[in-house]
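Trainee: Input my_file09.txt, format and content: compact mmCIF, C-alpha atoms.
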# COMPACT_ATOMS: atom_id res chain seq x y z
CA MET A 454 -98.10 30.20 157.35
CA GLY A 455 -94.88 28.19 157.49
CA ALA A 456 -95.50 27.22 161.11
CA GLN A 457 -99.05 26.13 160.26
CA LEU A 458 -97.84 23.93 157.41
CA GLY A 459 -95.04 22.56 159.58
CA ALA A 460 -97.49 21.64 162.34
CA ALA A 461 -99.83 20.10 159.75
CA ARG A 462 -96.96 18.02 158.39
CA LEU A 463 -96.05 16.86 161.92
CA LEU A 464 -99.65 15.79 162.54
CA TYR A 465 -99.61 14.02 159.17
CA GLY A 466 -96.55 12.02 160.21
CA MET A 467 -98.21 11.09 163.48
CA GLY A 468 -101.38 10.13 161.59
CA ARG A 469 -99.48 7.94 159.12
CA SER A 470 -97.75 6.10 161.96
CA ASN A 471 -101.13 5.61 163.68
CA ALA A 472 -100.18 7.68 166.74
CA LEU A 473 -103.24 9.79 165.85
CA PRO A 474 -106.35 8.59 163.99
CA LYS A 475 -105.07 7.72 160.52
CA SER A 476 -108.33 8.35 158.67
CA PHE A 477 -108.26 12.07 159.55
CA PHE A 478 -104.63 12.97 160.27
CA GLY A 479 -102.97 10.62 157.77
CA ALA A 480 -104.92 11.79 154.70
CA VAL A 481 -103.44 13.84 151.85
CA ASP A 482 -105.44 15.99 149.43
CA GLU A 483 -105.27 14.29 146.03
CA LYS A 484 -105.28 17.52 144.03
CA HIS A 485 -102.79 19.65 146.00
CA HIS A 486 -100.77 16.89 147.73
CA VAL A 487 -100.92 18.51 151.19
CA PRO A 488 -102.44 17.18 154.43
CA ARG A 489 -105.55 19.36 154.01
CA ASN A 490 -107.38 18.11 157.13
CA ASN A 491 -104.38 18.97 159.28
CA VAL A 492 -103.98 22.43 157.75
CA PHE A 493 -107.62 23.21 158.55
CA PHE A 494 -107.31 21.63 162.01
CA VAL A 495 -104.23 23.68 162.95
CA GLY A 496 -105.79 26.80 161.41
CA GLY A 497 -108.93 26.30 163.50
CA ILE A 498 -106.93 25.93 166.70
CA VAL A 499 -104.95 29.07 165.89
CA LEU A 500 -108.13 31.00 165.07
CA ILE A 501 -109.83 29.98 168.32
CA GLY A 502 -106.65 30.66 170.30
CA SER A 503 -106.35 34.14 168.79
CA PHE A 504 -109.65 35.11 170.42
CA PHE A 505 -108.62 34.00 173.91
CA LEU A 506 -104.83 34.28 174.16
CA SER A 507 -102.47 37.21 174.06
CA TYR A 508 -99.23 36.92 172.13
CA GLY A 509 -97.27 36.89 175.40
CA LEU A 510 -99.32 34.06 176.92
CA GLY A 511 -99.05 32.06 173.70
CA ALA A 512 -95.28 32.45 173.74
CA GLU A 513 -95.11 31.40 177.39
CA MET A 514 -97.27 28.34 176.68
CA LEU A 515 -94.91 27.43 173.85
CA ASN A 516 -91.97 27.85 176.23
CA PHE A 517 -93.68 25.60 178.79
CA GLY A 518 -93.24 22.59 176.53
CA ALA A 519 -89.96 23.68 174.97
CA LEU A 520 -88.26 24.12 178.34
CA ILE A 521 -89.45 20.71 179.52
CA ALA A 522 -88.03 19.22 176.32
CA PHE A 523 -84.69 21.01 176.80
CA MET A 524 -84.53 19.78 180.40
CA GLY A 525 -85.02 16.27 179.04
CA VAL A 526 -82.22 16.74 176.51
CA ASN A 527 -79.87 17.96 179.23
CA ALA A 528 -80.84 15.09 181.53
CA ALA A 529 -80.19 12.62 178.70
CA ALA A 530 -76.79 14.20 178.02
CA PHE A 531 -75.94 13.94 181.72
CA MET A 532 -76.93 10.26 181.76
CA ARG A 533 -75.05 9.45 178.55
CA TYR A 534 -71.85 11.41 179.02
CA PHE A 535 -71.42 11.22 182.80
CA VAL A 536 -73.46 8.50 184.49
CA ARG A 537 -72.88 5.81 181.82
CA ALA A 538 -69.41 7.01 180.76
CA LYS A 539 -66.43 4.81 181.51
CA GLU A 540 -64.43 7.81 182.72
CA LYS A 541 -66.16 10.35 184.95
CA LYS A 542 -64.88 13.76 183.82
CA LEU A 543 -65.88 17.05 185.42
CA TRP A 544 -66.30 18.63 181.97
CA ASN A 545 -69.02 16.09 181.14
CA ILE A 546 -71.14 17.03 184.14
CA ILE A 547 -71.06 20.85 184.09
CA PRO A 548 -72.78 21.72 180.75
CA PRO A 549 -75.76 19.35 181.09
CA LEU A 550 -76.42 20.26 184.71
CA ALA A 551 -76.04 23.98 184.00
CA GLY A 552 -78.39 23.69 181.03
CA PHE A 553 -80.91 21.70 183.05
CA PHE A 554 -80.99 24.16 185.95
CA ILE A 555 -81.11 27.23 183.70
CA CYS A 556 -84.11 25.74 181.87
CA LEU A 557 -85.69 24.76 185.19
CA GLY A 558 -85.29 28.31 186.49
CA LEU A 559 -86.86 29.75 183.36
CA TRP A 560 -89.68 27.19 183.50
CA LEU A 561 -90.44 27.95 187.16
CA ASN A 562 -90.70 31.66 186.33
CA LEU A 563 -93.38 31.27 183.66
CA SER A 564 -96.65 33.00 184.46
CA ARG A 565 -99.31 31.19 186.43
CA PRO A 566 -101.78 31.02 183.49
CA ALA A 567 -99.07 29.51 181.26
CA MET A 568 -98.27 26.90 183.92
CA ILE A 569 -101.95 26.02 184.37
CA VAL A 570 -102.79 25.76 180.66
CA GLY A 571 -99.49 23.98 179.91
CA SER A 572 -100.13 21.47 182.69
CA ILE A 573 -103.65 20.81 181.43
CA TRP A 574 -102.36 20.34 177.87
CA MET A 575 -99.64 17.98 179.11
CA ALA A 576 -102.19 16.00 181.16
CA VAL A 577 -104.41 15.66 178.07
CA GLY A 578 -101.41 14.37 176.08
CA ILE A 579 -100.50 11.85 178.78
CA ALA A 580 -104.14 10.73 179.04
CA PHE A 581 -104.25 10.25 175.26
CA GLY A 582 -101.04 8.20 175.46
CA VAL A 583 -102.55 6.03 178.21
CA TRP A 584 -105.71 5.51 176.16
CA LYS A 585 -103.88 4.88 172.88
CA THR A 586 -101.53 2.30 174.43
CA ARG A 587 -104.19 0.72 176.65
CA GLY A 588 -102.43 1.73 179.83
CA PHE A 589 -98.92 1.62 178.27
CA ARG A 590 -99.27 -2.10 177.59
CA GLU A 591 -98.90 -1.60 173.82
CA PRO A 592 -96.18 0.37 172.04
CA LEU A 593 -96.87 3.83 170.68
CA SER A 594 -94.87 4.17 167.50
CA PHE A 595 -93.98 7.44 165.80
CA GLU A 596 -92.15 5.75 162.94
CA VAL A 597 -93.29 6.54 159.42
CA PRO A 598 -94.39 3.30 157.75
CA ALA A 599 -92.66 2.16 154.58
CA GLU A 600 -94.45 3.13 151.38
Please render this file's structure as structure tokens.
Mentor:
Amino acid sequence: MGAQLGAARLLYGMGRSNALPKSFFGAVDEKHHVPRNNVFFVGGIVLIGSFFLSYGLGAEMLNFGALIAFMGVNAAAFMRYFVRAKEKKLWNIIPPLAGFFICLGLWLNLSRPAMIVGSIWMAVGIAFGVWKTRGFREPLSFEVPAE
């Protein structure tokens, strides 16, 4: 339940900043003060997924995106604390590279179905970003507007 509400709240933030259609994702129920559309949307996805996915495959699909994100964090740390640093210290290169390659190894060992579904989901997200920004010519903001 907490994860569903958290995901609904994330979609609400993206809807309010116009990263997703504001009329659906940026709406709040007047009586209960929750993003009702998003709660139902996330609940529907979870319900449909429960019919087709095992718990293990769902966890691996979650790890598909999480490991890519952690690789990005480690790459950013490497760039910030080694590549752009005034002094190149060995200590600043070892943790980010170790973290990156550990995550890469874990990511490469995900099951084939998780890699396929994760890649499709990522391609859909990139395609949405291309469409939303008109080929990346306009900015895609995730900032919450001032109230």
Trainee: Set the distance at 9 Å and use all atoms listed in the file: which residues neighbour A:Ala528 once local chain neighbours fewer than 4 positions away are removed? I'd like the list as a PyMOL selection string.
Mentor: chain A and resi 523-524+532-533+549-550+552-553
Trainee: Within 12 Å of (-98.6, 31.2, 170.9) (coordinates as in the file), grab all the protein and nucleic acid residues, counting only C-alpha atoms, and write them out as a list in words.
Mentor: Ala456, Gln457, Ile498, Val499, Leu500, Ile501, Gly502, Ser503, Phe504, Phe505, Leu506, Ser507, Tyr508, Gly509, Leu510, Gly511, Ala512, Glu513, Met514, Leu515, Asn516, Phe517, Gly518, Ala567, Val570 and Gly571 of chain A
Trainee: Go through A:Gly558, A:Leu543, A:Gly496, A:Lys585 and flag the residue nearest A:Pro474, using all atoms listed in the file for the distances.
Mentor: A:Lys585
Trainee: Let me make sure I understand: among A:Leu520, A:Gly525, A:Asn490, A:Leu463, which one has the smallest atom-to-atom distance to A:Ile555 if we use all atoms listed in the file?
Mentor: A:Leu520
Trainee: Please report the interatomic distance between atom CA of A:Phe477 and atom CA of A:Arg590 in Å with one decimal.
Mentor: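 For atom CA of A:Phe477 relative to atom CA of A:Arg590, the distance reads 24.6 Å.
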Trainee: As an mmCIF file, keeping the file's coordinate frame, could you write out stretch 541-569 of chain A once it has been completed with N, CA and C atoms?
Mentor:
data_model
loop_
_atom_site.group_PDB
_atom_site.id
_atom_site.type_symbol
_atom_site.label_atom_id
_atom_site.label_comp_id
_atom_site.auth_asym_id
_atom_site.auth_seq_id
_atom_site.Cartn_x
_atom_site.Cartn_y
_atom_site.Cartn_z
ATOM 1 N N LYS A 541 -65.364 9.234 184.427
ATOM 2 C CA LYS A 541 -66.160 10.350 184.950
ATOM 3 C C LYS A 541 -65.304 11.615 184.911
ATOM 4 N N LYS A 542 -65.620 12.515 183.969
ATOM 5 C CA LYS A 542 -64.880 13.760 183.820
ATOM 6 C C LYS A 542 -65.759 14.921 184.255
ATOM 7 N N LEU A 543 -65.144 15.882 184.947
ATOM 8 C CA LEU A 543 -65.880 17.050 185.420
ATOM 9 C C LEU A 543 -66.500 17.823 184.259
ATOM 10 N N TRP A 544 -65.800 17.889 183.131
ATOM 11 C CA TRP A 544 -66.300 18.630 181.970
ATOM 12 C C TRP A 544 -67.612 18.024 181.453
ATOM 13 N N ASN A 545 -67.811 16.741 181.640
ATOM 14 C CA ASN A 545 -69.020 16.090 181.140
ATOM 15 C C ASN A 545 -70.227 16.264 182.053
ATOM 16 N N ILE A 546 -70.019 16.829 183.229
ATOM 17 C CA ILE A 546 -71.140 17.030 184.140
ATOM 18 C C ILE A 546 -71.623 18.485 184.159
ATOM 19 N N ILE A 547 -70.714 19.426 183.929
ATOM 20 C CA ILE A 547 -71.060 20.850 184.090
ATOM 21 C C ILE A 547 -72.060 21.337 183.035
ATOM 22 N N PRO A 548 -71.818 21.171 181.727
ATOM 23 C CA PRO A 548 -72.780 21.720 180.750
ATOM 24 C C PRO A 548 -74.195 21.147 180.869
ATOM 25 N N PRO A 549 -74.368 19.816 181.000
ATOM 26 C CA PRO A 549 -75.760 19.350 181.090
ATOM 27 C C PRO A 549 -76.467 19.791 182.359
ATOM 28 N N LEU A 550 -75.764 19.812 183.478
ATOM 29 C CA LEU A 550 -76.420 20.260 184.710
ATOM 30 C C LEU A 550 -76.712 21.749 184.677
ATOM 31 N N ALA A 551 -75.789 22.538 184.128
ATOM 32 C CA ALA A 551 -76.040 23.980 184.000
ATOM 33 C C ALA A 551 -77.235 24.228 183.082
ATOM 34 N N GLY A 552 -77.264 23.538 181.949
ATOM 35 C CA GLY A 552 -78.390 23.690 181.030
ATOM 36 C C GLY A 552 -79.699 23.282 181.661
ATOM 37 N N PHE A 553 -79.690 22.176 182.397
ATOM 38 C CA PHE A 553 -80.910 21.700 183.050
ATOM 39 C C PHE A 553 -81.423 22.732 184.048
ATOM 40 N N PHE A 554 -80.535 23.240 184.900
ATOM 41 C CA PHE A 554 -80.990 24.160 185.950
ATOM 42 C C PHE A 554 -81.333 25.542 185.410
ATOM 43 N N ILE A 555 -80.698 25.972 184.335
ATOM 44 C CA ILE A 555 -81.110 27.230 183.700
ATOM 45 C C ILE A 555 -82.516 27.086 183.125
ATOM 46 N N CYS A 556 -82.762 25.980 182.429
ATOM 47 C CA CYS A 556 -84.110 25.740 181.870
ATOM 48 C C CYS A 556 -85.138 25.593 182.983
ATOM 49 N N LEU A 557 -84.768 24.920 184.063
ATOM 50 C CA LEU A 557 -85.690 24.760 185.190
ATOM 51 C C LEU A 557 -86.035 26.119 185.795
ATOM 52 N N GLY A 558 -85.028 26.970 185.954
ATOM 53 C CA GLY A 558 -85.290 28.310 186.490
ATOM 54 C C GLY A 558 -86.211 29.111 185.591
ATOM 55 N N LEU A 559 -85.977 29.054 184.300
ATOM 56 C CA LEU A 559 -86.860 29.750 183.360
ATOM 57 C C LEU A 559 -88.272 29.175 183.414
ATOM 58 N N TRP A 560 -88.371 27.851 183.476
ATOM 59 C CA TRP A 560 -89.680 27.190 183.500
ATOM 60 C C TRP A 560 -90.457 27.563 184.759
ATOM 61 N N LEU A 561 -89.763 27.600 185.905
ATOM 62 C CA LEU A 561 -90.440 27.950 187.160
ATOM 63 C C LEU A 561 -90.894 29.406 187.202
ATOM 64 N N ASN A 562 -90.329 30.253 186.351
ATOM 65 C CA ASN A 562 -90.700 31.660 186.330
ATOM 66 C C ASN A 562 -91.719 31.999 185.246
ATOM 67 N N LEU A 563 -92.289 31.000 184.601
ATOM 68 C CA LEU A 563 -93.380 31.270 183.660
ATOM 69 C C LEU A 563 -94.592 31.757 184.443
ATOM 70 N N SER A 564 -95.472 32.470 183.778
ATOM 71 C CA SER A 564 -96.650 33.000 184.460
ATOM 72 C C SER A 564 -97.572 31.867 184.915
ATOM 73 N N ARG A 565 -98.373 32.181 185.894
ATOM 74 C CA ARG A 565 -99.310 31.190 186.430
ATOM 75 C C ARG A 565 -100.284 30.668 185.359
ATOM 76 N N PRO A 566 -100.884 31.545 184.536
ATOM 77 C CA PRO A 566 -101.780 31.020 183.490
ATOM 78 C C PRO A 566 -101.063 30.075 182.516
ATOM 79 N N ALA A 567 -99.815 30.389 182.166
ATOM 80 C CA ALA A 567 -99.070 29.510 181.260
ATOM 81 C C ALA A 567 -98.806 28.165 181.919
ATOM 82 N N MET A 568 -98.505 28.159 183.206
ATOM 83 C CA MET A 568 -98.270 26.900 183.920
ATOM 84 C C MET A 568 -99.562 26.072 184.001
ATOM 85 N N ILE A 569 -100.672 26.735 184.250
ATOM 86 C CA ILE A 569 -101.950 26.020 184.370
ATOM 87 C C ILE A 569 -102.356 25.427 183.022
#
